[in-house]
>>> print(open('final_9.txt').read())   # compact mmCIF, C-alpha atoms
# COMPACT_ATOMS: atom_id res chain seq x y z
CA MET A 28 -29.58 23.36 77.54
CA LEU A 29 -26.07 24.09 78.72
CA ASP A 30 -24.64 27.44 77.68
CA PHE A 31 -22.00 26.97 74.99
CA LYS A 32 -21.83 30.78 74.61
CA ILE A 33 -23.18 30.69 71.07
CA SER A 34 -24.64 33.97 69.83
CA ASP A 35 -28.27 34.38 68.83
CA LYS A 36 -27.10 35.11 65.28
CA ILE A 37 -25.42 31.70 64.92
CA LYS A 38 -28.33 29.95 66.64
CA ASP A 39 -30.78 31.54 64.19
CA LEU A 40 -28.63 30.61 61.20
CA SER A 41 -28.28 27.08 62.55
CA ARG A 42 -32.04 26.60 62.85
CA LEU A 43 -32.48 27.80 59.28
CA ALA A 44 -29.62 25.59 58.06
CA GLU A 45 -30.99 22.52 59.79
CA ALA A 46 -34.44 23.04 58.29
CA LYS A 47 -32.95 23.33 54.80
CA ALA A 48 -30.94 20.13 55.34
CA GLU A 49 -33.91 17.87 56.11
CA ALA A 50 -34.00 16.24 52.67
CA GLY A 51 -30.33 15.38 52.97
CA PHE A 52 -30.86 13.90 56.43
CA ALA A 53 -33.68 11.72 55.12
CA ARG A 54 -31.49 10.34 52.33
CA VAL A 55 -28.73 9.50 54.81
CA GLU A 56 -31.10 7.72 57.17
CA LYS A 57 -32.31 5.48 54.36
CA ILE A 58 -28.73 4.53 53.41
CA THR A 59 -27.81 3.99 57.07
CA GLU A 60 -30.72 1.60 57.60
CA TYR A 61 -29.78 -0.44 54.54
CA ASN A 62 -26.12 -0.72 55.55
CA GLN A 63 -26.88 -1.49 59.20
CA LEU A 64 -29.09 -4.39 58.12
CA LYS A 65 -26.36 -5.58 55.74
CA VAL A 66 -23.84 -5.64 58.58
CA LEU A 67 -26.28 -7.32 60.98
CA SER A 68 -26.97 -9.99 58.37
CA ALA A 69 -23.24 -10.68 58.01
CA PHE A 70 -22.86 -11.04 61.80
CA ILE A 71 -25.73 -13.54 61.91
CA LYS A 72 -24.44 -15.47 58.89
CA ASN A 73 -21.01 -15.85 60.53
CA ASN A 74 -22.44 -16.94 63.90
CA VAL A 75 -20.45 -14.41 65.90
CA ASP A 76 -20.29 -15.47 69.57
CA ASP A 77 -18.45 -14.37 72.67
CA THR A 78 -15.65 -16.91 72.25
CA ASP A 79 -14.64 -14.94 69.14
CA PHE A 80 -13.58 -12.13 71.50
CA ASN A 81 -10.92 -14.27 73.18
CA THR A 82 -7.32 -13.08 73.03
CA THR A 83 -4.30 -14.85 71.58
CA THR A 84 -0.57 -14.30 72.02
CA GLY A 85 2.60 -15.41 70.30
CA TYR A 86 1.98 -16.68 66.76
CA GLY A 87 -1.77 -16.47 67.17
CA TYR A 88 -2.33 -19.90 65.65
CA GLY A 89 -5.96 -20.97 65.60
CA ASP A 90 -7.38 -17.53 66.41
CA LYS A 91 -10.94 -18.16 65.28
CA GLY A 92 -11.99 -14.61 66.10
CA ARG A 93 -9.35 -13.25 63.74
CA GLN A 94 -10.52 -15.59 60.98
CA LYS A 95 -14.16 -14.73 61.60
CA LEU A 96 -13.37 -11.01 61.36
CA ASP A 97 -11.75 -11.61 57.97
CA ASP A 98 -14.80 -13.59 56.82
CA LEU A 99 -17.14 -10.93 58.16
CA ILE A 100 -15.44 -8.16 56.16
CA ALA A 101 -15.51 -10.30 53.02
CA ASP A 102 -19.26 -10.89 53.44
CA ILE A 103 -20.05 -7.24 54.11
CA PHE A 104 -18.17 -6.14 51.00
CA GLY A 105 -19.17 -9.08 48.82
CA THR A 106 -15.61 -10.24 48.16
CA GLU A 107 -13.84 -13.59 47.97
CA LYS A 108 -11.52 -12.79 50.85
CA ALA A 109 -10.44 -10.07 53.27
CA ILE A 110 -8.00 -9.28 56.04
CA ILE A 111 -8.59 -6.88 58.92
CA ARG A 112 -5.98 -6.14 61.55
CA ALA A 113 -5.53 -3.75 64.48
CA GLY A 114 -1.91 -2.77 65.04
CA ALA A 115 -0.37 -4.98 62.36
CA LEU A 116 -1.96 -2.54 59.92
CA SER A 117 -1.18 0.74 61.66
CA CYS A 118 -3.19 3.24 59.61
CA GLY A 119 -4.74 3.90 56.22
CA THR A 120 -1.48 4.86 54.52
CA HIS A 121 0.23 1.73 55.84
CA THR A 122 -2.67 -0.43 54.66
CA LEU A 123 -2.56 1.08 51.17
CA GLY A 124 1.22 0.63 51.12
CA VAL A 125 0.87 -3.06 52.01
CA CYS A 126 -1.48 -3.43 49.03
CA LEU A 127 0.81 -1.63 46.60
CA TYR A 128 3.98 -3.43 47.66
CA GLY A 129 2.12 -6.72 47.79
CA MET A 130 0.72 -6.59 44.25
CA LEU A 131 3.23 -4.54 42.25
CA ARG A 132 6.60 -5.81 40.99
CA PRO A 133 9.63 -4.11 39.35
CA GLY A 134 8.69 -2.96 35.86
CA ASP A 135 4.96 -2.79 36.63
CA THR A 136 2.99 0.39 36.00
CA MET A 137 0.68 1.99 38.55
CA LEU A 138 -1.80 4.33 36.85
CA VAL A 139 -3.62 6.73 39.17
CA VAL A 140 -6.75 7.99 37.39
CA THR A 141 -8.17 10.45 39.93
CA GLY A 142 -5.41 13.04 39.86
CA SER A 143 -2.69 13.44 42.46
CA PRO A 144 -3.11 10.99 45.36
CA TYR A 145 -3.31 11.98 49.01
CA ASP A 146 -0.22 13.70 50.41
CA THR A 147 1.02 10.81 52.56
CA LEU A 148 1.06 8.44 49.56
CA HIS A 149 3.57 10.68 47.76
CA SER A 150 6.31 9.34 50.03
CA VAL A 151 5.18 5.75 49.52
CA ILE A 152 5.26 6.10 45.74
CA GLY A 153 8.43 8.22 45.68
CA LEU A 154 7.05 11.50 44.36
CA THR A 155 8.96 13.72 46.80
CA GLU A 156 12.66 14.45 46.89
CA LYS A 157 12.91 13.55 50.57
CA SER A 158 11.46 10.08 49.97
CA LYS A 159 13.88 9.01 47.25
CA GLY A 160 16.15 6.17 48.29
CA ASN A 161 13.95 5.20 51.23
CA GLY A 162 12.49 2.11 49.60
CA THR A 163 9.66 3.76 47.68
CA LEU A 164 7.80 2.06 44.84
CA ILE A 165 9.83 4.05 42.32
CA ASP A 166 13.05 2.97 44.08
CA PHE A 167 12.03 -0.63 43.31
CA GLY A 168 11.48 0.08 39.64
CA ILE A 169 7.70 0.45 39.70
CA LYS A 170 6.50 3.04 37.22
CA TYR A 171 4.06 5.76 38.22
CA GLU A 172 1.65 7.48 35.84
CA GLN A 173 -1.26 9.81 36.49
CA ILE A 174 -4.37 10.88 34.62
CA ASP A 175 -6.17 13.90 36.00
CA LEU A 176 -9.92 14.30 36.22
CA ARG A 177 -11.64 16.24 33.44
CA ASP A 178 -12.50 19.91 33.89
CA ASP A 179 -15.99 18.82 34.99
CA GLU A 180 -14.32 16.55 37.61
CA SER A 181 -15.42 13.34 35.90
CA ILE A 182 -13.03 10.43 35.37
CA ASP A 183 -11.41 10.76 31.95
CA LEU A 184 -12.46 7.40 30.52
CA ASP A 185 -11.25 8.28 27.02
CA ALA A 186 -7.71 9.06 28.21
CA ILE A 187 -7.68 5.91 30.34
CA GLU A 188 -8.83 3.71 27.44
CA LYS A 189 -6.17 5.21 25.18
CA ARG A 190 -3.44 4.55 27.78
CA LEU A 191 -4.58 0.97 28.42
CA LYS A 192 -4.33 0.20 24.71
CA GLU A 193 -0.70 1.40 24.48
CA ASP A 194 0.90 -1.24 26.72
CA PHE A 195 0.08 -3.25 29.81
CA VAL A 196 -0.84 -1.39 33.00
CA LYS A 197 -0.67 -3.60 36.08
CA MET A 198 -2.82 -1.44 38.35
CA VAL A 199 -5.46 1.23 37.80
CA TYR A 200 -5.75 3.09 41.10
CA ILE A 201 -8.74 5.14 42.25
CA GLN A 202 -8.74 7.45 45.26
CA ARG A 203 -12.40 7.69 46.18
CA SER A 204 -12.11 10.59 48.61
CA ARG A 205 -10.99 14.09 47.70
CA GLY A 206 -7.96 14.38 49.97
CA TYR A 207 -6.84 18.02 50.23
CA GLU A 208 -8.57 18.87 46.95
CA LEU A 209 -11.83 20.63 46.21
CA ARG A 210 -12.91 18.04 43.67
CA HIS A 211 -15.94 15.85 44.22
CA SER A 212 -15.53 12.42 45.77
CA ILE A 213 -15.83 9.47 43.40
CA SER A 214 -19.17 7.65 43.38
CA VAL A 215 -19.66 3.91 43.24
CA SER A 216 -21.42 4.44 39.90
CA GLU A 217 -18.29 6.09 38.47
CA ILE A 218 -16.14 3.25 39.82
CA GLU A 219 -18.46 0.76 38.12
CA SER A 220 -18.08 2.49 34.73
CA LEU A 221 -14.30 2.60 35.10
CA SER A 222 -14.07 -1.03 36.22
CA LYS A 223 -16.07 -2.17 33.19
CA LEU A 224 -13.81 -0.21 30.88
CA VAL A 225 -10.58 -1.53 32.41
CA HIS A 226 -11.68 -5.15 32.43
CA SER A 227 -12.92 -4.98 28.83
CA VAL A 228 -9.76 -3.36 27.45
CA SER A 229 -7.17 -4.96 29.76
CA PRO A 230 -8.64 -7.96 31.61
CA GLU A 231 -5.43 -8.69 33.57
CA SER A 232 -5.19 -5.19 35.02
CA ILE A 233 -6.05 -4.73 38.71
CA VAL A 234 -8.60 -2.09 39.66
CA MET A 235 -7.73 -0.92 43.17
CA VAL A 236 -9.74 1.57 45.23
CA ASP A 237 -8.54 3.61 48.18
CA ASN A 238 -11.88 3.48 50.00
CA CYS A 239 -10.88 5.63 52.98
CA TYR A 240 -13.77 7.83 54.16
CA GLY A 241 -16.14 6.14 51.69
CA GLU A 242 -17.43 3.04 53.47
CA PHE A 243 -21.21 2.95 54.10
CA THR A 244 -21.86 6.34 52.49
CA GLU A 245 -23.77 4.53 49.71
CA GLU A 246 -25.68 1.26 49.61
CA LYS A 247 -23.05 -0.33 47.36
CA GLU A 248 -19.27 -0.48 47.74
CA PRO A 249 -16.60 -0.49 45.00
CA THR A 250 -16.15 -4.27 45.19
CA ASP A 251 -19.87 -4.71 44.52
CA VAL A 252 -19.47 -3.14 41.08
CA GLY A 253 -16.23 -4.56 39.69
CA ALA A 254 -13.27 -3.22 41.69
CA ASP A 255 -10.80 -6.07 42.26
CA ILE A 256 -9.56 -4.90 45.64
CA MET A 257 -10.07 -2.02 48.06
CA ALA A 258 -8.65 -0.91 51.37
CA GLY A 259 -9.35 1.49 54.20
CA SER A 260 -8.57 2.56 57.75
CA LEU A 261 -10.23 1.44 60.97
CA ILE A 262 -9.90 4.87 62.60
CA LYS A 263 -12.06 6.23 59.82
CA ASN A 264 -15.49 4.90 58.80
CA MET A 265 -14.97 1.16 59.17
CA GLY A 266 -13.95 1.13 62.83
CA GLY A 267 -17.11 2.87 64.02
CA GLY A 268 -15.20 5.01 66.52
CA ILE A 269 -14.42 1.91 68.60
CA ALA A 270 -11.54 0.13 66.83
CA PRO A 271 -8.30 1.41 68.42
CA SER A 272 -6.22 1.25 65.21
CA GLY A 273 -5.78 -0.76 62.06
CA GLY A 274 -6.99 -1.28 58.53
CA TYR A 275 -8.77 -3.71 56.24
CA ILE A 276 -8.24 -5.04 52.71
CA ALA A 277 -11.02 -6.79 50.76
CA GLY A 278 -11.06 -8.25 47.28
CA LYS A 279 -10.16 -11.20 45.11
CA SER A 280 -8.61 -14.14 46.93
CA ALA A 281 -5.31 -14.22 45.02
CA LEU A 282 -4.77 -10.49 45.56
CA ILE A 283 -5.57 -10.67 49.27
CA ASP A 284 -3.02 -13.48 49.61
CA LEU A 285 -0.34 -11.27 48.01
CA CYS A 286 -1.17 -8.47 50.43
CA ALA A 287 -1.08 -10.86 53.40
CA TYR A 288 2.34 -12.13 52.29
CA ARG A 289 3.57 -8.55 52.28
CA LEU A 290 2.00 -7.87 55.68
CA ASN A 291 3.70 -10.92 57.19
CA THR A 292 5.88 -13.15 54.96
CA PRO A 293 5.30 -15.53 52.04
CA GLY A 294 4.12 -18.82 53.46
CA LEU A 295 2.63 -17.29 56.58
CA GLY A 296 0.25 -14.73 55.15
CA ALA A 297 -2.96 -14.27 57.12
CA GLN A 298 -2.52 -17.42 59.20
CA VAL A 299 -0.43 -15.82 61.94
CA GLY A 300 -0.66 -12.72 64.07
CA ALA A 301 -1.82 -12.63 67.67
CA THR A 302 -4.84 -10.38 68.17
CA LEU A 303 -3.78 -9.37 71.71
CA GLY A 304 -7.31 -8.77 72.97
CA GLN A 305 -8.46 -6.49 70.16
CA ASN A 306 -11.12 -8.74 68.58
CA ARG A 307 -14.03 -7.47 70.66
CA SER A 308 -13.29 -3.84 69.77
CA LEU A 309 -13.10 -4.70 66.07
CA PHE A 310 -16.38 -6.61 66.10
CA MET A 311 -18.10 -3.77 67.97
CA GLY A 312 -16.60 -1.13 65.71
CA ILE A 313 -17.70 -2.88 62.53
CA PHE A 314 -21.20 -3.37 63.91
CA ASN A 315 -21.53 0.31 64.84
CA ALA A 316 -19.89 1.66 61.69
CA PRO A 317 -22.99 2.19 59.49
CA HIS A 318 -24.75 4.19 62.21
CA VAL A 319 -21.67 6.28 63.03
CA VAL A 320 -21.08 7.01 59.34
CA GLY A 321 -24.70 8.18 59.13
CA GLU A 322 -24.15 10.56 62.05
CA ALA A 323 -20.99 11.89 60.40
CA LEU A 324 -22.83 12.45 57.13
CA LYS A 325 -25.63 14.35 58.89
CA THR A 326 -23.03 16.53 60.64
CA ALA A 327 -21.35 17.26 57.30
CA ILE A 328 -24.68 18.15 55.69
CA PHE A 329 -25.50 20.53 58.57
CA ALA A 330 -22.07 22.16 58.26
CA ALA A 331 -22.54 22.65 54.52
CA SER A 332 -25.95 24.21 55.07
CA LEU A 333 -24.81 26.49 57.89
CA PHE A 334 -21.67 27.80 56.21
CA THR A 335 -23.62 28.41 53.00
CA GLU A 336 -25.97 30.61 55.02
CA MET A 337 -22.89 32.38 56.39
CA GLY A 338 -21.71 33.21 52.87
CA PHE A 339 -18.89 30.71 52.40
CA LYS A 340 -18.42 28.32 49.49
CA VAL A 341 -18.73 24.65 50.39
CA THR A 342 -18.28 21.36 48.59
CA PRO A 343 -20.36 19.27 48.49
CA SER A 344 -23.47 21.37 48.98
CA ALA A 345 -25.99 20.39 51.65
CA LEU A 346 -28.31 18.55 49.27
CA GLU A 347 -25.76 16.87 46.98
CA GLU A 348 -25.44 13.10 47.08
CA ARG A 349 -22.37 12.12 49.07
CA HIS A 350 -19.75 9.46 48.44
CA ASP A 351 -17.51 10.11 51.45
CA ILE A 352 -17.86 11.76 54.86
CA ILE A 353 -15.66 14.78 54.10
CA GLN A 354 -17.00 18.33 53.97
CA ALA A 355 -14.79 21.04 52.50
CA ILE A 356 -15.43 24.67 53.47
CA CYS A 357 -13.57 27.48 51.70
CA LEU A 358 -12.61 29.94 54.43
CA GLU A 359 -10.72 32.38 52.17
CA ASN A 360 -7.70 33.18 54.39
CA SER A 361 -5.46 31.66 57.04
CA ASP A 362 -7.00 33.68 59.91
CA ASN A 363 -10.45 32.26 59.18
CA LEU A 364 -9.01 28.77 58.86
CA ILE A 365 -7.28 28.98 62.22
CA SER A 366 -10.41 30.44 63.86
CA PHE A 367 -12.55 27.60 62.53
CA CYS A 368 -10.23 24.98 64.01
CA LYS A 369 -10.03 26.80 67.34
CA GLY A 370 -13.81 26.93 67.55
CA MET A 371 -14.33 23.28 66.66
CA GLN A 372 -11.73 22.23 69.23
CA LYS A 373 -13.82 23.94 71.92
CA GLY A 374 -16.61 21.47 71.17
CA SER A 375 -14.48 18.36 71.49
CA PRO A 376 -15.28 15.93 74.31
CA VAL A 377 -11.56 15.36 74.78
CA GLU A 378 -8.99 18.21 75.05
CA SER A 379 -11.53 20.99 74.52
CA GLN A 380 -9.10 23.29 76.36
CA VAL A 381 -6.34 22.81 73.77
CA VAL A 382 -5.67 25.62 71.26
CA PRO A 383 -4.78 24.25 67.80
CA GLU A 384 -1.61 25.51 66.14
CA ALA A 385 -0.19 24.78 62.69
CA SER A 386 2.79 22.43 62.71
CA ASP A 387 4.83 20.07 60.54
CA MET A 388 3.50 16.51 60.30
CA PRO A 389 5.14 13.37 58.85
CA GLY A 390 4.18 12.81 55.21
CA TYR A 391 3.03 16.38 54.51
CA ASP A 392 4.87 19.17 52.67
CA SER A 393 2.93 22.05 54.28
CA LYS A 394 2.23 22.94 57.89
CA ILE A 395 -1.03 21.35 59.01
CA ILE A 396 -3.57 22.73 61.45
CA SER A 397 -6.15 20.38 62.88
CA ALA A 398 -8.94 20.28 65.42
CA GLY A 399 -10.34 17.24 67.12
CA GLY A 400 -10.28 15.87 70.60
CA ALA A 401 -10.65 12.18 69.94
CA PHE A 402 -10.98 9.14 72.21
CA THR A 403 -8.71 7.37 69.70
CA SER A 404 -5.65 9.40 68.75
CA GLY A 405 -5.89 10.65 65.18
CA SER A 406 -9.35 9.20 64.63
CA THR A 407 -11.17 10.99 61.83
CA ILE A 408 -14.50 9.23 62.24
CA GLU A 409 -14.71 11.33 65.40
CA LEU A 410 -15.45 15.01 64.71
CA SER A 411 -12.32 16.64 63.36
CA ALA A 412 -11.12 19.21 60.88
CA ASP A 413 -7.75 19.74 59.31
CA ALA A 414 -6.06 21.63 56.51
CA PRO A 415 -2.68 22.64 55.17
CA LEU A 416 -1.96 26.33 55.65
CA ARG A 417 -1.92 27.12 51.94
CA GLU A 418 -4.31 28.28 49.28
CA PRO A 419 -7.27 27.85 48.82
CA PHE A 420 -7.43 28.04 52.65
CA ALA A 421 -10.17 25.45 52.81
CA VAL A 422 -10.80 23.24 55.81
CA TRP A 423 -11.68 19.58 55.41
CA MET A 424 -14.07 18.46 58.12
CA GLN A 425 -15.02 14.86 58.80
CA GLY A 426 -16.55 12.54 61.34
CA SER A 427 -18.83 12.79 64.38
CA LEU A 428 -19.77 9.90 66.61
CA ASN A 429 -23.19 11.48 67.06
CA TYR A 430 -24.98 14.29 65.30
CA VAL A 431 -25.94 16.31 68.38
CA SER A 432 -22.35 16.85 69.56
CA GLY A 433 -21.15 17.24 65.97
CA LYS A 434 -23.69 20.01 65.41
CA ILE A 435 -22.42 21.88 68.48
CA GLY A 436 -18.83 21.56 67.28
CA VAL A 437 -19.77 23.06 63.91
CA MET A 438 -21.69 25.89 65.60
CA LEU A 439 -18.72 26.70 67.83
CA ALA A 440 -16.51 26.89 64.73
CA ALA A 441 -19.04 29.27 63.19
CA GLN A 442 -19.10 31.29 66.43
CA GLU A 443 -15.34 31.91 66.26
CA LEU A 444 -15.74 33.32 62.75
CA TYR A 445 -18.68 35.45 63.87
CA LYS A 446 -16.64 36.89 66.77
CA LYS A 447 -13.95 38.09 64.35
CA GLY A 448 -16.49 39.60 61.95
CA ALA A 449 -16.10 37.02 59.18
CA VAL A 450 -19.79 36.09 58.88
CA LYS A 451 -21.29 37.68 55.78
>>> encode(input="final_9.txt", output="structure tokens")
Amino acid sequence: MLDFKISDKIKDLSRLAEAKAEAGFARVEKITEYNQLKVLSAFIKNNVDDTDFNTTTGYGYGDKGRQKLDDLIADIFGTEKAIIRAGALSCGTHTLGVCLYGMLRPGDTMLVVTGSPYDTLHSVIGLTEKSKGNGTLIDFGIKYEQIDLRDDESIDLDAIEKRLKEDFVKMVYIQRSRGYELRHSISVSEIESLSKLVHSVSPESIVMVDNCYGEFTEEKEPTDVGADIMAGSLIKNMGGGIAPSGGYIAGKSALIDLCAYRLNTPGLGAQVGATLGQNRSLFMGIFNAPHVVGEALKTAIFAASLFTEMGFKVTPSALEERHDIIQAICLENSDNLISFCKGMQKGSPVESQVVPEASDMPGYDSKIISAGGAFTSGSTIELSADAPLREPFAVWMQGSLNYVSGKIGVMLAAQELYKKGAVK
């Protein structure tokens, strides 16, 4: 084995951590097998062939590969319709914004029921001073309301039912992943209970799920259990580490049409848009996604087990059921946080020589430090870690194209903490 200059102490802790994580690994492998077969079945059903990889230019009329990709996503997620685009949908935040602007109208109410949404959505909604007047949802007269999770981190169904009975709420919005919070990620089972409640009390309300980081972490997806529409990024789970950019939206046909009209224009919708040679990468990425998500989950479980052995608090724990790929590790102070990111960067296949530094990033109110040398810029299905430099000084780790290299990256992060005497 090549010498990564990892101490015997960290190697010993890693062997112990890996042994204690075996039950978690076994659960992941079962879910991965189910989802890989589901995706393979969808490819066979849609008769994917090499002519679907052909490129189009200009308007992109008659791009059968583009249409087949949309149909493939709809089949995988069990929905009436879907759209998936590289480039035209630039990232997860853009994809979510297309959904919100596509479905909401002046006077409508957007009710977020999982607490404060992810930082970059604050500017889309209009929750920051700097974003006001820039064409936010609030600028266009869309009302924003929020219901926090209960103290036990469960969705507050009683408060939601009470609010739905007061007057009409156009959209009930769920953020499945934790964002920069230490709360648990939302399970498909919880989404099912919420969807049933919303549709029984207010049948015309839309249940929307931000599914970023959640795809293929369970055998079912939100749209399998009653969510009307969901969306995610292709440089997270769904792109399998191959898609170069983009996002997807899947759900009810009428809602997907509204989103497509926002993405392009009314009347054109999903019928135009040259794919510019990206189809093959999207097909490959989707096909590989269940396996890559499984590798990321195993890496997260190992990290949770190792850092527990080192004396740090983690969420979720190594043996908890998981509903997204994110692993939070509470590192207690900024020095530890910076050391963790420096160590993980040393294990990156790309830019391992780079030293991470905290800096301002668009859409965030705090300086952000991040680690991750990715083949696709900004990809978080590849091993990465990031955090705002603020309390509780936790790092949020995600991704890993394969477990072996992910494990080394986690061990190198642990090694940096060991070198500075932070291992308990």
>>> closest_atom_pairs(input="final_9.txt", of="stretch 196-310 of chain A", to="stretch 117-128 of chain A", cutoff="10 Å", atoms="only C-alpha atoms", output="Markdown table")
| residue | atom | partner | partner_atom | distance |
| --- | --- | --- | --- | --- |
| A:Met198 | CA | A:Leu127 | CA | 9.0 |
| A:Tyr200 | CA | A:Leu127 | CA | 9.8 |
| A:Met235 | CA | A:Cys126 | CA | 8.9 |
| A:Val236 | CA | A:Leu123 | CA | 9.3 |
| A:Asp237 | CA | A:Leu123 | CA | 7.1 |
| A:Asn238 | CA | A:Gly119 | CA | 9.5 |
| A:Cys239 | CA | A:Gly119 | CA | 7.2 |
| A:Ile256 | CA | A:Cys126 | CA | 8.9 |
| A:Met257 | CA | A:Leu123 | CA | 8.7 |
| A:Ala258 | CA | A:Leu123 | CA | 6.4 |
| A:Gly259 | CA | A:Gly119 | CA | 5.6 |
| A:Ser260 | CA | A:Gly119 | CA | 4.3 |
| A:Leu261 | CA | A:Cys118 | CA | 7.4 |
| A:Ile262 | CA | A:Cys118 | CA | 7.5 |
| A:Lys263 | CA | A:Gly119 | CA | 8.5 |
| A:Pro271 | CA | A:Ser117 | CA | 9.8 |
| A:Ser272 | CA | A:Ser117 | CA | 6.2 |
| A:Gly273 | CA | A:Ser117 | CA | 4.9 |
| A:Gly274 | CA | A:Thr122 | CA | 5.9 |
| A:Tyr275 | CA | A:Thr122 | CA | 7.1 |
| A:Ile276 | CA | A:Thr122 | CA | 7.5 |
| A:Leu282 | CA | A:Cys126 | CA | 8.5 |
| A:Ile283 | CA | A:Cys126 | CA | 8.3 |
| A:Leu285 | CA | A:Cys126 | CA | 8.0 |
| A:Cys286 | CA | A:Cys126 | CA | 5.2 |
| A:Ala287 | CA | A:Val125 | CA | 8.2 |
| A:Tyr288 | CA | A:Val125 | CA | 9.2 |
| A:Arg289 | CA | A:Val125 | CA | 6.1 |
| A:Leu290 | CA | A:Val125 | CA | 6.2 |
| A:Asn291 | CA | A:Val125 | CA | 9.8 |
>>> write_last_selection(input="final_9.txt", atoms="C-alpha atoms", output="PDB file, in the frame of the given file")
ATOM      1  CA  MET A 198      -2.820  -1.440  38.350  1.00  0.00           C
ATOM      2  CA  TYR A 200      -5.750   3.090  41.100  1.00  0.00           C
ATOM      3  CA  MET A 235      -7.730  -0.920  43.170  1.00  0.00           C
ATOM      4  CA  VAL A 236      -9.740   1.570  45.230  1.00  0.00           C
ATOM      5  CA  ASP A 237      -8.540   3.610  48.180  1.00  0.00           C
ATOM      6  CA  ASN A 238     -11.880   3.480  50.000  1.00  0.00           C
ATOM      7  CA  CYS A 239     -10.880   5.630  52.980  1.00  0.00           C
ATOM      8  CA  ILE A 256      -9.560  -4.900  45.640  1.00  0.00           C
ATOM      9  CA  MET A 257     -10.070  -2.020  48.060  1.00  0.00           C
ATOM     10  CA  ALA A 258      -8.650  -0.910  51.370  1.00  0.00           C
ATOM     11  CA  GLY A 259      -9.350   1.490  54.200  1.00  0.00           C
ATOM     12  CA  SER A 260      -8.570   2.560  57.750  1.00  0.00           C
ATOM     13  CA  LEU A 261     -10.230   1.440  60.970  1.00  0.00           C
ATOM     14  CA  ILE A 262      -9.900   4.870  62.600  1.00  0.00           C
ATOM     15  CA  LYS A 263     -12.060   6.230  59.820  1.00  0.00           C
ATOM     16  CA  PRO A 271      -8.300   1.410  68.420  1.00  0.00           C
ATOM     17  CA  SER A 272      -6.220   1.250  65.210  1.00  0.00           C
ATOM     18  CA  GLY A 273      -5.780  -0.760  62.060  1.00  0.00           C
ATOM     19  CA  GLY A 274      -6.990  -1.280  58.530  1.00  0.00           C
ATOM     20  CA  TYR A 275      -8.770  -3.710  56.240  1.00  0.00           C
ATOM     21  CA  ILE A 276      -8.240  -5.040  52.710  1.00  0.00           C
ATOM     22  CA  LEU A 282      -4.770 -10.490  45.560  1.00  0.00           C
ATOM     23  CA  ILE A 283      -5.570 -10.670  49.270  1.00  0.00           C
ATOM     24  CA  LEU A 285      -0.340 -11.270  48.010  1.00  0.00           C
ATOM     25  CA  CYS A 286      -1.170  -8.470  50.430  1.00  0.00           C
ATOM     26  CA  ALA A 287      -1.080 -10.860  53.400  1.00  0.00           C
ATOM     27  CA  TYR A 288       2.340 -12.130  52.290  1.00  0.00           C
ATOM     28  CA  ARG A 289       3.570  -8.550  52.280  1.00  0.00           C
ATOM     29  CA  LEU A 290       2.000  -7.870  55.680  1.00  0.00           C
ATOM     30  CA  ASN A 291       3.700 -10.920  57.190  1.00  0.00           C
TER      31      ASN A 291
END
>>> residues_around(input="final_9.txt", residues="A:Glu348", least_positions_apart="6", cutoff="12 Å", atoms="all atoms listed in the file", output="list of chain:residue names")
A:Ala50, A:Gly51, A:Phe52, A:Ala53, A:Arg54, A:Val55, A:Ile58, A:His211, A:Ser212, A:Ile213, A:Ser214, A:Val215, A:Ser216, A:Thr244, A:Glu245, A:Leu324, A:Lys325, A:Ala327, A:Ile328, A:Thr342
>>> atom_distance(input="final_9.txt", atom1="atom CA of A:Glu384", atom2="atom CA of A:Leu154")
27.3 Å
>>> closest_residue(input="final_9.txt", among="A:Gly321, A:Gly374, A:Gly338, A:Gly168", to="A:Arg132", atoms="only C-alpha atoms")
A:Gly168
>>> closest_residue(input="final_9.txt", among="A:Phe167, A:Phe339, A:Gly448, A:Glu418", to="A:Ser393", atoms="all atoms listed in the file")
A:Glu418
>>> atom_distance(input="final_9.txt", atom1="atom CA of A:Asp39", atom2="atom CA of A:Leu333")
10.0 Å
>>> closest_residue(input="final_9.txt", among="A:Arg112, A:Gln298, A:Leu29, A:Ile187", to="A:Lys91", atoms="all atoms listed in the file")
A:Gln298
>>> residues_around(input="final_9.txt", residues="A:His226", least_positions_apart="6", cutoff="10 Å", atoms="only C-alpha atoms", output="list in words")
Ser232, Ile233, Val234, Gly253, Ala254 and Asp255 of chain A
>>> closest_residue(input="final_9.txt", among="A:Gly134, A:Gly296, A:Gly114, A:Gly304", to="A:Asp79", atoms="all atoms listed in the file")
A:Gly304
>>> residues_near_point(input="final_9.txt", point="(-11.6, -16.4, 68.7)", cutoff="9 Å", atoms="only C-alpha atoms", output="PyMOL selection string")
chain A and resi 76-83+89-95+306
>>> atom_distance(input="final_9.txt", atom1="atom CA of A:Leu221", atom2="atom CA of A:Glu180")
14.2 Å
>>> closest_residue(input="final_9.txt", among="A:Ala441, A:Leu224, A:Ala277, A:Met311", to="A:Thr106", atoms="all atoms listed in the file")
A:Ala277
>>> residues_around(input="final_9.txt", residues="A:Ile174", least_positions_apart="4", cutoff="8 Å", atoms="all atoms listed in the file", output="mmCIF file with C-alpha atoms, in the coordinates of the input")
data_model
loop_
_atom_site.group_PDB
_atom_site.id
_atom_site.type_symbol
_atom_site.label_atom_id
_atom_site.label_comp_id
_atom_site.auth_asym_id
_atom_site.auth_seq_id
_atom_site.Cartn_x
_atom_site.Cartn_y
_atom_site.Cartn_z
ATOM 1 C CA LEU A 138 -1.800 4.330 36.850
ATOM 2 C CA VAL A 139 -3.620 6.730 39.170
ATOM 3 C CA VAL A 140 -6.750 7.990 37.390
ATOM 4 C CA THR A 141 -8.170 10.450 39.930
ATOM 5 C CA GLY A 142 -5.410 13.040 39.860
ATOM 6 C CA ASP A 183 -11.410 10.760 31.950
ATOM 7 C CA ALA A 186 -7.710 9.060 28.210
ATOM 8 C CA ILE A 187 -7.680 5.910 30.340
#
